[in-house]
Amino acid sequence: MRIDVITIFPELVRAPLGQSLLGKAIEAGVLDVRVHDLRDWTDDPHRTVDDAPFGGGPGMVMRPDVWFRAVESLDPERGRVVLLSPAGRRLDQELVRELAAENHLTLLCGRYEGVDERVVEGLPAEEVSIGDYVLSGGELPALVMIEAVTRLVPGVIGRRESHEQDSFADPELLDHPHYTRPREFRGMSVPDVLVGGDHGEIERWRRRAAEAKTRRTRPDLAGGRGP
């Protein structure tokens with residue numbers, strides 16, 4: 001999978017990409033992640049990417065012409081274009097799976113008061129949000145999306161089961177609780193069933209525990225409704 005990220009703070013994105021599973025997958029050639037500085041497509045000495053909003057109001061708005069030049073420079077390999085925005089469709093595991101099936105993503109990291117709406121309409125770019133809150137820019141949301149999406153790309157995670165059993169693998173159920181050594185810690189014990197060796201009982205316990213955890217922490221999920 002190839003991912004292009006366009007931002008005015010490229011180092012904010014590049015640094016985490018060299019770490020952990022992402023770094024290993026990029027080094028192995030499983031992922032091709034390219035980070036671009038939006039200011040490289042400006043045409044003035046000050047490398048201006050923003051201007052005052054028409055109609056007045058606080059803050060500055062990112063100009064459409066710079067974004068268009070940047071994204072169109074990737075043609076014909078721009079792939080699916082996503083603008084990270086609090087006004088967009090909320091990122092969930094269903095959308096993550098959808099994006100993971102793409103061969104190429106181009107992620108646009110907005111800043112300031114926002115991005116000129118013609119970027120959404122004209123490129124076109126689909127808006128995606130990582131939650132109902134506002135950050136200073138799209139760089140951290142882009143990294144969240146990259147982390148979530150690339151976990152599903154074959155070769156990024158060693159064992160496929162690692163993400164098949166995650167929370168939201170079943171859209172109505174969270175992951176079950178996990179335990180490891182020591183068996184006793186500050187008066188808290190690992191459930192006996194997990195050390196009993198009966199794998200059928202372990203799977204049944206994990207299902208019941210996952211259902212209970214979903215009811216307790218996410219009752220809005222269908223699998224978590226009811227007593």
# chains A, B, ... in the order shown; residues from 1 in each chain; ligands from 1
$ residues_around --residues "region 95-103 of chain A" --least-positions-apart "3" --cutoff "6 Å" --atoms "only C-alpha atoms" --output "list in words"
Met1, Asp92 and Val149 of chain A
$ residues_around --residues "Asp65 (chain A)" --least-positions-apart "6" --cutoff "12 Å" --atoms "only C-alpha atoms" --output "PyMOL selection string"
chain A and resi 38-39+41-43+48-51+71-72+115-119+122-123
$ closest_residue --among "A:Gly196, A:Pro53, A:Pro124, A:Pro219" --to "Val81 (chain A)" --atoms "only C-alpha atoms"
A:Pro124
$ select_by_dssp --residues "region 88-197 of chain A" --states "strand (DSSP E or B)" --output "ChimeraX atom specification"
/A:88-90,104-109,111,114-115,126-129,137,154,157,184-185,188-189
$ residues_around --residues "region 127-131 of chain A" --least-positions-apart "6" --cutoff "10 Å" --atoms "only C-alpha atoms" --output "MDAnalysis selection string"
chainID A and resid 81:92 95 107:108 120 138 140:142 144:145
$ closest_residue --among "A:Leu221, A:Glu139, A:Arg47, A:Gly155" --to "Asp170 (chain A)" --atoms "only C-alpha atoms"
A:Leu221
$ residues_around --residues "region 199-206 of chain A" --least-positions-apart "6" --cutoff "10 Å" --atoms "only C-alpha atoms" --output "number ranges by chain"
A: 175-178, 191-193, 212
$ atom_distance --atom1 "CA of Pro154 (chain A)" --atom2 "CA of Glu27 (chain A)"
14.8 Å
$ residues_around --residues "Val190 (chain A)" --least-positions-apart "4" --cutoff "8 Å" --atoms "only C-alpha atoms" --output "PDB file with N, CA, C and O atoms, in the first residue's frame"
ATOM      1  N   TYR A 179      -5.010 -11.120  30.384  1.00  0.00           N
ATOM      2  CA  TYR A 179      -4.214 -11.290  31.605  1.00  0.00           C
ATOM      3  C   TYR A 179      -2.877 -11.943  31.264  1.00  0.00           C
ATOM      4  O   TYR A 179      -2.775 -12.692  30.293  1.00  0.00           O
ATOM      5  N   THR A 180      -1.866 -11.657  32.074  1.00  0.00           N
ATOM      6  CA  THR A 180      -0.571 -12.331  31.955  1.00  0.00           C
ATOM      7  C   THR A 180       0.053 -12.427  33.346  1.00  0.00           C
ATOM      8  O   THR A 180      -0.588 -12.115  34.349  1.00  0.00           O
ATOM      9  N   ARG A 183       0.288 -14.250  38.255  1.00  0.00           N
ATOM     10  CA  ARG A 183      -1.086 -14.710  38.407  1.00  0.00           C
ATOM     11  C   ARG A 183      -1.809 -13.967  39.524  1.00  0.00           C
ATOM     12  O   ARG A 183      -3.012 -13.708  39.424  1.00  0.00           O
ATOM     13  N   GLU A 184      -1.079 -13.627  40.580  1.00  0.00           N
ATOM     14  CA  GLU A 184      -1.628 -12.840  41.694  1.00  0.00           C
ATOM     15  C   GLU A 184      -0.904 -11.501  41.736  1.00  0.00           C
ATOM     16  O   GLU A 184       0.328 -11.455  41.698  1.00  0.00           O
ATOM     17  N   LEU A 194      -8.721 -19.429  32.893  1.00  0.00           N
ATOM     18  CA  LEU A 194      -7.653 -19.128  31.933  1.00  0.00           C
ATOM     19  C   LEU A 194      -6.399 -19.959  32.158  1.00  0.00           C
ATOM     20  O   LEU A 194      -5.530 -20.027  31.281  1.00  0.00           O
TER      21      LEU A 194
END
$ atom_distance --atom1 "CA of Asp132 (chain A)" --atom2 "CA of Val156 (chain A)"
28.8 Å
$ select_by_dssp --residues "region 3-218 of chain A" --states "alpha helix (DSSP H)" --output "PyMOL selection string"
chain A and resi 10-17+20-27+64-72+93-100+117-122+139-150+161-164+199-217
$ closest_residue --among "A:Leu74, A:Ala209, A:Leu105, A:Val61" --to "Leu174 (chain A)" --atoms "only C-alpha atoms"
A:Ala209
$ closest_residue --among "A:Glu211, A:Ile26, A:Glu94, A:Val33" --to "Ala148 (chain A)" --atoms "only C-alpha atoms"
A:Glu94
$ closest_residue --among "A:Arg215, A:Arg208, A:Arg186, A:Arg111" --to "Met62 (chain A)" --atoms "only C-alpha atoms"
A:Arg111
$ closest_residue --among "A:Gly79, A:Gly18, A:Gly197, A:Pro182" --to "Leu143 (chain A)" --atoms "only C-alpha atoms"
A:Gly18
